[in-house]
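Below: protein_23.tsv (TSV, C-alpha atoms and all ligand atoms)
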chain	number	residue	atom	x	y	z
A	1	MET	CA	36.32	7.57	92.99
A	2	GLU	CA	33.53	6.71	90.56
A	3	ASN	CA	31.21	3.79	91.45
A	4	ARG	CA	32.33	2.08	88.24
A	5	ASP	CA	35.97	2.10	89.37
A	6	ALA	CA	35.05	0.99	92.90
A	7	LYS	CA	33.24	-2.07	91.50
A	8	LEU	CA	36.12	-2.87	89.11
A	9	ILE	CA	38.66	-2.60	91.93
A	10	GLU	CA	36.55	-4.84	94.20
A	11	ASP	CA	36.31	-7.48	91.46
A	12	ILE	CA	40.05	-7.26	90.69
A	13	LEU	CA	40.99	-7.70	94.35
A	14	ARG	CA	38.60	-10.65	94.78
A	15	LEU	CA	39.91	-12.45	91.70
A	16	LYS	CA	43.48	-11.64	92.62
A	17	ARG	CA	43.02	-13.50	95.92
A	18	GLN	CA	41.31	-16.44	94.20
A	19	ARG	CA	44.10	-16.79	91.63
A	20	LYS	CA	46.90	-16.22	94.20
A	21	ALA	CA	48.07	-13.38	92.00
A	22	ILE	CA	50.26	-10.33	92.58
A	23	ILE	CA	49.88	-7.10	90.63
A	24	LEU	CA	53.13	-5.34	89.73
A	25	ALA	CA	52.97	-1.88	88.14
A	26	HIS	CA	55.58	0.40	86.63
A	27	ASN	CA	55.88	4.04	87.77
A	28	TYR	CA	54.47	5.21	84.39
A	29	GLN	CA	51.16	3.38	84.72
A	30	LEU	CA	47.82	5.19	84.94
A	31	GLY	CA	47.10	6.44	88.48
A	32	GLU	CA	44.20	4.04	89.03
A	33	VAL	CA	46.38	1.10	87.93
A	34	GLN	CA	49.19	2.13	90.32
A	35	ASP	CA	46.60	2.38	93.10
A	36	VAL	CA	45.35	-1.20	92.63
A	37	ALA	CA	48.87	-2.70	92.45
A	38	ASP	CA	50.65	-4.60	95.23
A	39	PHE	CA	53.91	-3.00	94.23
A	40	VAL	CA	54.79	0.03	92.08
A	41	GLY	CA	58.38	0.57	91.01
A	42	ASP	CA	61.10	0.99	88.40
A	43	SER	CA	62.36	-1.72	86.05
A	44	LEU	CA	64.97	-3.00	88.50
A	45	GLU	CA	62.64	-3.10	91.51
A	46	LEU	CA	59.95	-4.83	89.44
A	47	SER	CA	62.32	-7.59	88.32
A	48	GLN	CA	63.62	-8.00	91.90
A	49	ASN	CA	60.02	-8.31	93.14
A	50	ALA	CA	59.08	-10.76	90.40
A	51	ALA	CA	62.14	-12.88	91.27
A	52	LYS	CA	61.14	-13.20	94.95
A	53	THR	CA	57.34	-13.44	94.87
A	54	ASP	CA	55.63	-16.66	95.96
A	55	ALA	CA	52.41	-15.81	94.08
A	56	ASP	CA	51.23	-18.26	91.39
A	57	VAL	CA	50.33	-15.52	88.93
A	58	ILE	CA	51.99	-12.18	88.16
A	59	VAL	CA	49.78	-9.53	86.53
A	60	PHE	CA	52.30	-7.22	84.94
A	61	CYS	CA	51.15	-3.65	84.42
A	62	GLY	CA	53.90	-2.27	82.25
A	63	VAL	CA	55.30	-3.02	78.81
A	64	HIS	CA	56.14	-6.33	77.14
A	65	PHE	CA	59.88	-6.54	77.97
A	66	MET	CA	59.04	-6.10	81.67
A	67	ALA	CA	56.53	-8.97	81.62
A	68	GLU	CA	59.05	-11.04	79.68
A	69	THR	CA	61.71	-10.35	82.32
A	70	ALA	CA	59.29	-11.55	85.00
A	71	SER	CA	58.57	-14.70	83.00
A	72	ILE	CA	62.30	-15.36	82.47
A	73	LEU	CA	62.96	-15.05	86.21
A	74	CYS	CA	59.88	-17.10	87.20
A	75	PRO	CA	59.45	-19.77	84.49
A	76	ASP	CA	56.97	-21.73	86.65
A	77	LYS	CA	54.61	-18.82	87.19
A	78	ILE	CA	51.89	-17.51	84.92
A	79	VAL	CA	52.73	-13.97	83.77
A	80	LEU	CA	49.82	-11.93	82.42
A	81	LEU	CA	50.22	-8.75	80.37
A	82	PRO	CA	46.68	-7.34	80.17
A	83	ASP	CA	47.26	-5.85	76.68
A	84	MET	CA	49.71	-7.59	74.35
A	85	HIS	CA	50.09	-4.38	72.31
A	86	ALA	CA	51.86	-2.76	75.25
A	87	GLY	CA	55.36	-2.97	73.79
A	88	CYS	CA	58.28	-0.55	74.21
A	89	PRO	CA	59.09	0.99	70.79
A	90	MET	CA	62.70	1.57	71.85
A	91	ALA	CA	63.14	-2.11	72.75
A	92	ASP	CA	62.00	-2.93	69.19
A	93	MET	CA	64.84	-0.80	67.75
A	94	VAL	CA	67.28	-3.69	68.17
A	95	THR	CA	66.71	-7.27	67.01
A	96	ALA	CA	68.78	-10.36	67.82
A	97	GLU	CA	69.71	-10.71	64.16
A	98	ARG	CA	71.00	-7.15	63.81
A	99	LEU	CA	72.85	-7.48	67.09
A	100	ARG	CA	74.57	-10.69	65.89
A	101	GLU	CA	75.71	-8.83	62.74
A	102	ARG	CA	77.13	-5.95	64.80
A	103	LYS	CA	78.87	-8.36	67.19
A	104	ARG	CA	80.73	-9.85	64.21
A	105	GLU	CA	82.00	-6.33	63.38
A	106	VAL	CA	83.21	-5.65	66.94
A	107	PRO	CA	84.15	-9.10	68.31
A	108	LYS	CA	86.20	-7.70	71.21
A	109	ALA	CA	83.36	-5.61	72.67
A	110	THR	CA	81.36	-6.82	75.68
A	111	VAL	CA	77.64	-6.47	74.93
A	112	VAL	CA	75.51	-4.69	77.53
A	113	CYS	CA	71.80	-4.48	76.84
A	114	TYR	CA	69.40	-2.10	78.51
A	115	ILE	CA	66.59	-4.06	80.19
A	116	ASN	CA	64.35	-2.34	77.59
A	117	SER	CA	65.08	-5.11	75.07
A	118	SER	CA	63.55	-8.41	73.99
A	119	ALA	CA	64.45	-11.78	75.54
A	120	GLU	CA	66.22	-12.72	72.25
A	121	VAL	CA	68.41	-9.61	72.46
A	122	LYS	CA	69.17	-10.33	76.11
A	123	ALA	CA	70.17	-13.86	75.15
A	124	GLU	CA	72.72	-12.37	72.69
A	125	SER	CA	74.19	-10.05	75.34
A	126	ASP	CA	76.79	-10.52	78.11
A	127	ILE	CA	74.95	-8.63	80.85
A	128	CYS	CA	71.98	-6.28	81.12
A	129	CYS	CA	71.33	-3.12	83.11
A	130	THR	CA	68.55	-0.71	84.02
A	131	SER	CA	68.61	3.06	84.36
A	132	ALA	CA	69.19	2.56	88.10
A	133	ASN	CA	72.42	0.56	87.82
A	134	ALA	CA	73.80	1.24	84.30
A	135	VAL	CA	77.07	2.89	85.41
A	136	LYS	CA	77.63	0.27	88.14
A	137	VAL	CA	77.12	-2.57	85.63
A	138	ILE	CA	79.55	-1.03	83.10
A	139	GLU	CA	82.15	-0.37	85.81
A	140	SER	CA	81.88	-4.00	86.99
A	141	LEU	CA	83.14	-5.26	83.62
A	142	GLU	CA	86.74	-6.20	82.90
A	143	ALA	CA	86.36	-5.21	79.24
A	144	GLU	CA	87.43	-1.73	78.14
A	145	LYS	CA	85.20	-1.74	75.05
A	146	VAL	CA	81.41	-2.05	75.44
A	147	LEU	CA	78.67	-2.29	72.83
A	148	PHE	CA	75.56	-0.78	74.45
A	149	VAL	CA	72.09	-1.46	73.02
A	150	PRO	CA	69.56	-0.06	72.23
A	151	ASP	CA	69.35	3.41	73.84
A	152	GLN	CA	71.95	5.79	72.39
A	153	TYR	CA	71.13	8.45	74.99
A	154	LEU	CA	71.50	6.25	78.05
A	155	GLY	CA	74.67	4.90	76.38
A	156	HIS	CA	75.95	8.44	75.86
A	157	TYR	CA	75.16	9.36	79.46
A	158	ILE	CA	77.10	6.29	80.71
A	159	SER	CA	80.06	7.28	78.49
A	160	THR	CA	80.32	10.57	80.43
A	161	LYS	CA	80.61	8.61	83.71
A	162	THR	CA	83.21	5.99	82.75
A	163	ASN	CA	86.59	5.76	81.04
A	164	LYS	CA	85.48	2.73	79.04
A	165	GLU	CA	84.83	3.03	75.32
A	166	ILE	CA	81.07	2.79	74.69
A	167	LEU	CA	79.89	1.89	71.21
A	168	LEU	CA	76.36	3.20	70.76
A	169	TRP	CA	73.33	1.76	69.00
A	170	PRO	CA	70.97	4.25	67.29
A	171	GLY	CA	67.89	3.54	69.47
A	172	PHE	CA	65.97	6.17	71.42
A	173	CYS	CA	62.77	6.70	73.38
A	174	LEU	CA	60.17	8.76	71.52
A	175	THR	CA	58.54	9.81	74.79
A	176	HIS	CA	61.75	11.18	76.34
A	177	MET	CA	62.59	12.92	73.03
A	178	ARG	CA	59.63	15.22	73.75
A	179	ILE	CA	61.44	16.75	76.71
A	180	SER	CA	63.32	19.93	75.73
A	181	PRO	CA	65.93	22.06	77.49
A	182	GLU	CA	64.05	25.24	76.46
A	183	ARG	CA	60.90	24.27	78.38
A	184	ILE	CA	62.96	23.26	81.43
A	185	MET	CA	64.69	26.68	81.36
A	186	GLU	CA	61.26	28.39	81.26
A	187	LEU	CA	60.10	26.34	84.26
A	188	LYS	CA	63.34	27.12	86.11
A	189	HIS	CA	62.69	30.78	85.48
A	190	ASP	CA	59.12	30.52	86.84
A	191	TYR	CA	60.10	28.28	89.79
A	192	PRO	CA	63.61	29.40	90.78
A	193	ARG	CA	63.66	27.20	93.93
A	194	ALA	CA	62.82	24.01	92.02
A	195	LYS	CA	65.40	21.27	91.48
A	196	VAL	CA	65.52	19.62	88.04
A	197	VAL	CA	65.68	15.84	87.75
A	198	VAL	CA	65.68	14.06	84.37
A	199	HIS	CA	65.80	10.45	83.20
A	200	PRO	CA	69.03	9.28	81.48
A	201	GLU	CA	66.94	8.42	78.38
A	202	CYS	CA	66.73	12.20	77.75
A	203	ARG	CA	68.92	13.87	75.13
A	204	PRO	CA	72.34	15.25	76.26
A	205	GLU	CA	71.13	18.86	75.92
A	206	VAL	CA	68.35	18.06	78.43
A	207	ILE	CA	70.79	16.32	80.77
A	208	ALA	CA	73.01	19.43	80.59
A	209	VAL	CA	70.34	21.58	82.30
A	210	ALA	CA	69.47	19.05	85.05
A	211	ASP	CA	70.62	19.01	88.67
A	212	GLU	CA	70.20	15.23	88.90
A	213	VAL	CA	69.99	12.39	86.37
A	214	LEU	CA	68.09	9.43	87.80
A	215	GLY	CA	65.89	6.48	86.83
A	216	THR	CA	62.30	6.54	88.06
A	217	GLY	CA	63.08	4.75	91.34
A	218	GLY	CA	65.83	7.29	92.09
A	219	MET	CA	63.39	10.12	91.35
A	220	CYS	CA	60.92	8.76	93.94
A	221	LYS	CA	63.70	8.61	96.56
A	222	LEU	CA	64.91	12.12	95.71
A	223	ALA	CA	61.36	13.50	96.07
A	224	ARG	CA	61.19	12.19	99.66
A	225	ARG	CA	64.25	14.17	100.75
A	226	GLU	CA	63.34	16.92	103.17
A	227	GLU	CA	65.19	19.70	101.33
A	228	VAL	CA	63.33	18.96	98.07
A	229	GLU	CA	60.13	21.03	98.00
A	230	GLU	CA	59.67	21.73	94.28
A	231	LEU	CA	60.82	19.38	91.55
A	232	ILE	CA	60.82	19.75	87.76
A	233	VAL	CA	60.49	16.16	86.54
A	234	GLY	CA	61.90	15.17	83.15
A	235	THR	CA	60.37	11.79	82.45
A	236	GLU	CA	57.06	10.15	81.52
A	237	MET	CA	54.02	11.88	83.08
A	238	GLY	CA	52.71	8.79	84.92
A	239	ILE	CA	55.29	9.19	87.69
A	240	ILE	CA	53.72	12.50	88.75
A	241	HIS	CA	50.77	10.56	90.26
A	242	ARG	CA	53.07	8.60	92.56
A	243	LEU	CA	55.22	11.60	93.45
A	244	ARG	CA	52.17	13.68	94.45
A	245	LYS	CA	50.57	10.80	96.35
A	246	GLU	CA	53.71	10.05	98.37
A	247	ASN	CA	54.64	13.68	98.98
A	248	PRO	CA	51.53	15.75	99.71
A	249	GLY	CA	52.39	19.42	100.06
A	250	LYS	CA	55.34	19.28	97.65
A	251	LYS	CA	55.20	20.64	94.10
A	252	PHE	CA	55.96	18.43	91.09
A	253	LEU	CA	56.15	20.05	87.67
A	254	PRO	CA	56.32	17.85	84.57
A	255	ALA	CA	59.12	19.02	82.25
A	256	SER	CA	56.78	18.15	79.36
A	257	GLU	CA	53.08	17.39	79.46
A	258	GLN	CA	53.57	15.64	76.11
A	259	ALA	CA	55.93	13.06	77.61
A	260	ILE	CA	53.35	10.30	77.64
A	261	CYS	CA	54.19	6.72	76.68
A	262	PRO	CA	51.07	5.55	74.81
A	263	ARG	CA	51.96	1.87	75.20
A	264	MET	CA	52.24	2.12	78.98
A	265	LYS	CA	48.74	3.62	79.04
A	266	LEU	CA	47.21	0.58	77.30
A	267	ILE	CA	46.88	-1.17	80.66
A	268	THR	CA	43.57	-0.28	82.31
A	269	LEU	CA	41.46	-1.50	85.25
A	270	GLU	CA	39.12	-3.09	82.68
A	271	ASN	CA	41.78	-5.19	80.98
A	272	ILE	CA	43.42	-6.14	84.31
A	273	LEU	CA	40.07	-7.60	85.40
A	274	TRP	CA	39.50	-9.31	82.05
A	275	SER	CA	43.03	-10.72	82.13
A	276	LEU	CA	42.49	-12.20	85.61
A	277	GLU	CA	39.12	-13.64	84.56
A	278	GLU	CA	40.38	-15.26	81.36
A	279	MET	CA	44.01	-15.85	82.50
A	280	THR	CA	45.17	-14.37	79.22
A	281	PRO	CA	47.23	-12.97	77.47
A	282	GLN	CA	50.19	-14.84	78.93
A	283	VAL	CA	53.83	-13.98	78.27
A	284	LYS	CA	56.09	-17.02	78.00
A	285	VAL	CA	59.62	-17.17	76.66
A	286	PRO	CA	60.83	-20.32	74.85
A	287	GLU	CA	63.18	-22.34	77.11
A	288	GLU	CA	66.36	-22.08	74.96
A	289	VAL	CA	66.14	-18.26	74.86
A	290	CYS	CA	64.93	-18.13	78.46
A	291	ALA	CA	67.96	-19.91	79.95
A	292	LYS	CA	70.47	-17.60	78.24
A	293	ALA	CA	68.48	-14.44	78.96
A	294	ARG	CA	68.10	-15.50	82.63
A	295	SER	CA	71.84	-15.75	83.17
A	296	VAL	CA	72.25	-12.27	81.61
A	297	ILE	CA	69.62	-10.78	83.96
A	298	ASN	CA	70.91	-12.71	86.99
A	299	LYS	CA	74.43	-11.35	86.44
A	300	MET	CA	72.93	-7.89	86.83
A	301	LEU	CA	70.81	-8.82	89.87
A	302	ALA	CA	73.87	-10.38	91.56
A	303	LEU	CA	75.49	-6.92	91.60
A	304	GLY	CA	72.77	-5.89	94.07
B	1	LIG	P1	63.05	2.95	84.87
B	1	LIG	O1	63.80	1.69	85.00
B	1	LIG	O2	63.85	4.17	85.29
B	1	LIG	O3	61.74	2.87	85.58
B	1	LIG	O4	62.76	3.23	83.33
B	1	LIG	C1	62.01	2.38	82.51
B	1	LIG	C2	61.63	3.03	81.25
B	1	LIG	O5	61.03	2.44	80.40
B	1	LIG	C3	62.01	4.41	81.06
B	1	LIG	O6	61.42	4.91	79.91
B	2	LIG	FE1	59.87	2.45	76.15
B	2	LIG	FE2	60.12	5.09	76.32
B	2	LIG	FE3	57.80	3.92	76.93
B	2	LIG	FE4	59.96	3.66	78.53
B	2	LIG	S1	58.81	5.54	78.08
B	2	LIG	S2	58.55	2.04	77.90
B	2	LIG	S3	61.59	3.57	76.99
B	2	LIG	S4	58.81	3.95	74.91
Encoded form (structure tokens):
Amino acid sequence: MENRDAKLIEDILRLKRQRKAIILAHNYQLGEVQDVADFVGDSLELSQNAAKTDADVIVFCGVHFMAETASILCPDKIVLLPDMHAGCPMADMVTAERLRERKREVPKATVVCYINSSAEVKAESDICCTSANAVKVIESLEAEKVLFVPDQYLGHYISTKTNKEILLWPGFCLTHMRISPERIMELKHDYPRAKVVVHPECRPEVIAVADEVLGTGGMCKLARREEVEELIVGTEMGIIHRLRKENPGKKFLPASEQAICPRMKLITLENILWSLEEMTPQVKVPEEVCAKARSVINKMLALG
């Protein structure tokens, strides 16, 4: 570790104690950010952790909708997002206004939003889900017709696992679009013993060549299994840091070295420290939106 990083980390940890703060980081964060965090996880685990923490301040190292979810679940806490430009482009592919229009066209459909969506969109939905529980959430519904927003590929994947009718929204993740079945086939050829795991945000032709389709939390659990020695990993590159750190001696091969989410990488040790010093930028959701969005998230969390 460079001296510069060691000093930054020391200052972050000191301020964190002074502010009674907790640092939560998503699995796609830069390695040095994951290493300074109190907890690293997927979207579901991060919201569960935010909901139960007794810290006064949550420093959220992830993208905007994740910090917003933490703020919705903990309205009395200060939620810091060290760079306000860290938004999820897929979440921005649906707005509350466009969702209201679509709901008028399909009034009988139950609306399920992916957690990768704004608080306003959540407030317009019936329940939300993450990649870890999407099929379980859909199966828990009485409705036979579901409008799923915004990720068409996760929606398509769910439709292959349920008998319910899933109406798709044309959103997608630019980062997961970079993962191709051709490259995975090349890697499989070079590493014939490797298992292939991909994220459900990948395109159907990528999912078709995978052994397992899992969210990032599921990927971390799979990697720990004794029989898994080599893994081709079809998701954002940041997770490779955690996989290698937790499983020394095992081989992790990114399905695409271009699968990098630029917004996730906006969070750095420097802006975490600055954010804790200045107690800014804060993410706060207006109370009317917050109350509706909270019940939508809590319905999901109640499913366990
Ligand atoms: P996970 O919930 O699987 O961590 O996914 C979040 C995400 O943004 C995937 O691109
Ligand atoms: Fe959004 Fe894709 Fe980045 Fe995940 S990887 S935060 S879905 S843009």
What does the list of residues within 10 Å of ligand LIG 2 (chain B) look like if you count all atoms listed in the file, written as a VMD selection string?
chain A and resid 26 28 43 62 to 66 86 to 92 114 to 117 150 to 151 171 to 177 199 201 to 202 235 to 238 259 to 265
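Contacts with ligand LIG 1 (chain B) are defined as any residue atom within 6 Å of a ligand atom, using only C-alpha atoms and all ligand atoms; the residues meeting this criterion are Asp42, Ser43, Leu44, Thr130, Ser131, Gly215 and Thr216 of chain A.
Here atom CA of Leu253 of chain A stands at a distance of 12.8 Å from atom CA of Met219 of chain A.
Nearest to Phe39 of chain A of all the residues A:Arg242, A:Val283, A:Glu120, A:Ile9 is A:Arg242, based on all atoms listed in the file.
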Who sits within 12 Å of Lys245 of chain A, all atoms listed in the file, same chain under 2 positions skipped, as a ChimeraX atom specification:
/A:31-32,34-35,220,223-224,238-243,247-252
For Pro75 of chain A: contacts at 10 Å, only C-alpha atoms, fewer than 6 positions along chain excluded, given as a compact mmCIF listing (two decimals) with C-alpha atoms, in the frame of the given file:
# COMPACT_ATOMS: atom_id res chain seq x y z
CA GLU A 68 59.05 -11.04 79.68
CA THR A 69 61.71 -10.35 82.32
CA LYS A 284 56.09 -17.02 78.00
CA VAL A 285 59.62 -17.17 76.66
CA PRO A 286 60.83 -20.32 74.85
CA GLU A 287 63.18 -22.34 77.11
CA CYS A 290 64.93 -18.13 78.46
CA ALA A 291 67.96 -19.91 79.95
CA ARG A 294 68.10 -15.50 82.63
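For the pair atom CA of Cys113 of chain A and atom CA of Pro204 of chain A, the separation is 19.7 Å.
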So which residues fall inside 12 Å of (85.4, 7.7, 84.8) if we count all atoms listed in the file? Mind giving them as a PyMOL selection string?
chain A and resi 135-136+138-139+144+157-165
Take the residues that were just selected and, keeping C-alpha atoms, output them as an mmCIF file, keeping the file's coordinate frame.
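Dumped everything to result-v2.cif:
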data_model
loop_
_atom_site.group_PDB
_atom_site.id
_atom_site.type_symbol
_atom_site.label_atom_id
_atom_site.label_comp_id
_atom_site.auth_asym_id
_atom_site.auth_seq_id
_atom_site.Cartn_x
_atom_site.Cartn_y
_atom_site.Cartn_z
ATOM 1 C CA VAL A 135 77.070 2.890 85.410
ATOM 2 C CA LYS A 136 77.630 0.270 88.140
ATOM 3 C CA ILE A 138 79.550 -1.030 83.100
ATOM 4 C CA GLU A 139 82.150 -0.370 85.810
ATOM 5 C CA GLU A 144 87.430 -1.730 78.140
ATOM 6 C CA TYR A 157 75.160 9.360 79.460
ATOM 7 C CA ILE A 158 77.100 6.290 80.710
ATOM 8 C CA SER A 159 80.060 7.280 78.490
ATOM 9 C CA THR A 160 80.320 10.570 80.430
ATOM 10 C CA LYS A 161 80.610 8.610 83.710
ATOM 11 C CA THR A 162 83.210 5.990 82.750
ATOM 12 C CA ASN A 163 86.590 5.760 81.040
ATOM 13 C CA LYS A 164 85.480 2.730 79.040
ATOM 14 C CA GLU A 165 84.830 3.030 75.320
#
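Atom pair atom CA of Ser47 of chain A / atom CA of Ala96 of chain A: separated by 21.7 Å.
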Shortest interatomic distance to Val40 of chain A - which of A:Ser180, A:Gly217, A:Lys292, A:Gln258, counting all atoms listed in the file:
A:Gly217
Leu80 of chain A surroundings by all atoms listed in the file, 6 Å radius, close-in-sequence under 3 positions cut, as an NGL selection string
:A and (59-60 or 281-282)
Residue with smallest distance to Val196 of chain A - pool A:Lys145, A:Pro107, A:Val296, A:Ala255, counting all atoms listed in the file:
A:Ala255
Of the listed residues A:Asn133, A:Gln48, A:Ser256, A:Thr110, that which approaches Pro200 of chain A most closely, counting all atoms listed in the file
A:Asn133
Can you report as JSON the centre and edge lengths in Å, to one decimal, of an axis-aligned box around the listed atoms of segment 265-281 of chain A padded with 6 Å on each side?
{"center_x": 43.9, "center_y": -6.1, "center_z": 81.5, "size_x": 21.6, "size_y": 31.5, "size_z": 20.3}
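Nearest-residue note for Leu13 of chain A: choosing from A:Glu142, A:Glu277, A:Asp54, A:Glu227, the minimum distance belongs to A:Glu277, counting all atoms listed in the file.
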For Met300 of chain A, work out the shell of residues within 9 Å, counting only C-alpha atoms and skipping chain neighbours fewer than 3 positions away, then give it as a PyMOL selection string.
chain A and resi 127-130+133+137+295-297+303-304
Complete segment 254-272 of chain A with N, CA, C and O atoms (output as an mmCIF file, in the coordinates of the input).
data_model
loop_
_atom_site.group_PDB
_atom_site.id
_atom_site.type_symbol
_atom_site.label_atom_id
_atom_site.label_comp_id
_atom_site.auth_asym_id
_atom_site.auth_seq_id
_atom_site.Cartn_x
_atom_site.Cartn_y
_atom_site.Cartn_z
ATOM 1 N N PRO A 254 55.803 18.652 85.682
ATOM 2 C CA PRO A 254 56.320 17.850 84.570
ATOM 3 C C PRO A 254 57.122 18.731 83.607
ATOM 4 O O PRO A 254 56.686 19.831 83.268
ATOM 5 N N ALA A 255 58.289 18.245 83.188
ATOM 6 C CA ALA A 255 59.120 19.020 82.250
ATOM 7 C C ALA A 255 58.429 19.094 80.886
ATOM 8 O O ALA A 255 58.681 20.007 80.109
ATOM 9 N N SER A 256 57.579 18.098 80.587
ATOM 10 C CA SER A 256 56.780 18.150 79.360
ATOM 11 C C SER A 256 55.483 17.396 79.587
ATOM 12 O O SER A 256 55.517 16.227 79.982
ATOM 13 N N GLU A 257 54.368 18.069 79.319
ATOM 14 C CA GLU A 257 53.080 17.390 79.460
ATOM 15 C C GLU A 257 52.820 16.468 78.276
ATOM 16 O O GLU A 257 51.861 15.708 78.264
ATOM 17 N N GLN A 258 53.694 16.548 77.269
ATOM 18 C CA GLN A 258 53.570 15.640 76.110
ATOM 19 C C GLN A 258 54.371 14.342 76.312
ATOM 20 O O GLN A 258 54.339 13.456 75.468
ATOM 21 N N ALA A 259 55.123 14.267 77.387
ATOM 22 C CA ALA A 259 55.930 13.060 77.610
ATOM 23 C C ALA A 259 55.045 11.947 78.163
ATOM 24 O O ALA A 259 55.042 11.643 79.359
ATOM 25 N N ILE A 260 54.266 11.378 77.262
ATOM 26 C CA ILE A 260 53.350 10.300 77.640
ATOM 27 C C ILE A 260 53.682 9.088 76.786
ATOM 28 O O ILE A 260 53.807 9.211 75.565
ATOM 29 N N CYS A 261 53.878 7.947 77.423
ATOM 30 C CA CYS A 261 54.190 6.720 76.680
ATOM 31 C C CYS A 261 52.864 6.018 76.374
ATOM 32 O O CYS A 261 52.250 5.433 77.272
ATOM 33 N N PRO A 262 52.412 6.079 75.117
ATOM 34 C CA PRO A 262 51.070 5.550 74.810
ATOM 35 C C PRO A 262 50.940 4.060 75.108
ATOM 36 O O PRO A 262 49.870 3.593 75.495
ATOM 37 N N ARG A 263 52.042 3.314 74.973
ATOM 38 C CA ARG A 263 51.960 1.870 75.200
ATOM 39 C C ARG A 263 51.772 1.543 76.682
ATOM 40 O O ARG A 263 51.071 0.595 77.030
ATOM 41 N N MET A 264 52.410 2.335 77.534
ATOM 42 C CA MET A 264 52.240 2.120 78.980
ATOM 43 C C MET A 264 50.776 2.319 79.380
ATOM 44 O O MET A 264 50.267 1.661 80.274
ATOM 45 N N LYS A 265 50.112 3.254 78.666
ATOM 46 C CA LYS A 265 48.740 3.620 79.040
ATOM 47 C C LYS A 265 47.703 2.617 78.510
ATOM 48 O O LYS A 265 46.502 2.807 78.710
ATOM 49 N N LEU A 266 48.163 1.580 77.802
ATOM 50 C CA LEU A 266 47.210 0.580 77.300
ATOM 51 C C LEU A 266 46.654 -0.295 78.423
ATOM 52 O O LEU A 266 45.628 -0.954 78.265
ATOM 53 N N ILE A 267 47.358 -0.323 79.546
ATOM 54 C CA ILE A 267 46.880 -1.170 80.660
ATOM 55 C C ILE A 267 45.840 -0.363 81.456
ATOM 56 O O ILE A 267 46.107 0.763 81.877
ATOM 57 N N THR A 268 44.678 -0.958 81.633
ATOM 58 C CA THR A 268 43.570 -0.280 82.310
ATOM 59 C C THR A 268 42.971 -1.206 83.384
ATOM 60 O O THR A 268 43.236 -2.422 83.370
ATOM 61 N N LEU A 269 42.143 -0.646 84.252
ATOM 62 C CA LEU A 269 41.460 -1.500 85.250
ATOM 63 C C LEU A 269 40.623 -2.556 84.535
ATOM 64 O O LEU A 269 40.565 -3.708 84.965
ATOM 65 N N GLU A 270 39.988 -2.154 83.410
ATOM 66 C CA GLU A 270 39.120 -3.090 82.680
ATOM 67 C C GLU A 270 39.911 -4.292 82.173
ATOM 68 O O GLU A 270 39.508 -5.441 82.351
ATOM 69 N N ASN A 271 41.082 -4.017 81.520
ATOM 70 C CA ASN A 271 41.780 -5.190 80.980
ATOM 71 C C ASN A 271 42.551 -5.980 82.050
ATOM 72 O O ASN A 271 42.822 -7.170 81.868
ATOM 73 N N ILE A 272 42.836 -5.363 83.190
ATOM 74 C CA ILE A 272 43.420 -6.140 84.310
ATOM 75 C C ILE A 272 42.380 -7.165 84.787
ATOM 76 O O ILE A 272 42.677 -8.349 84.973
#
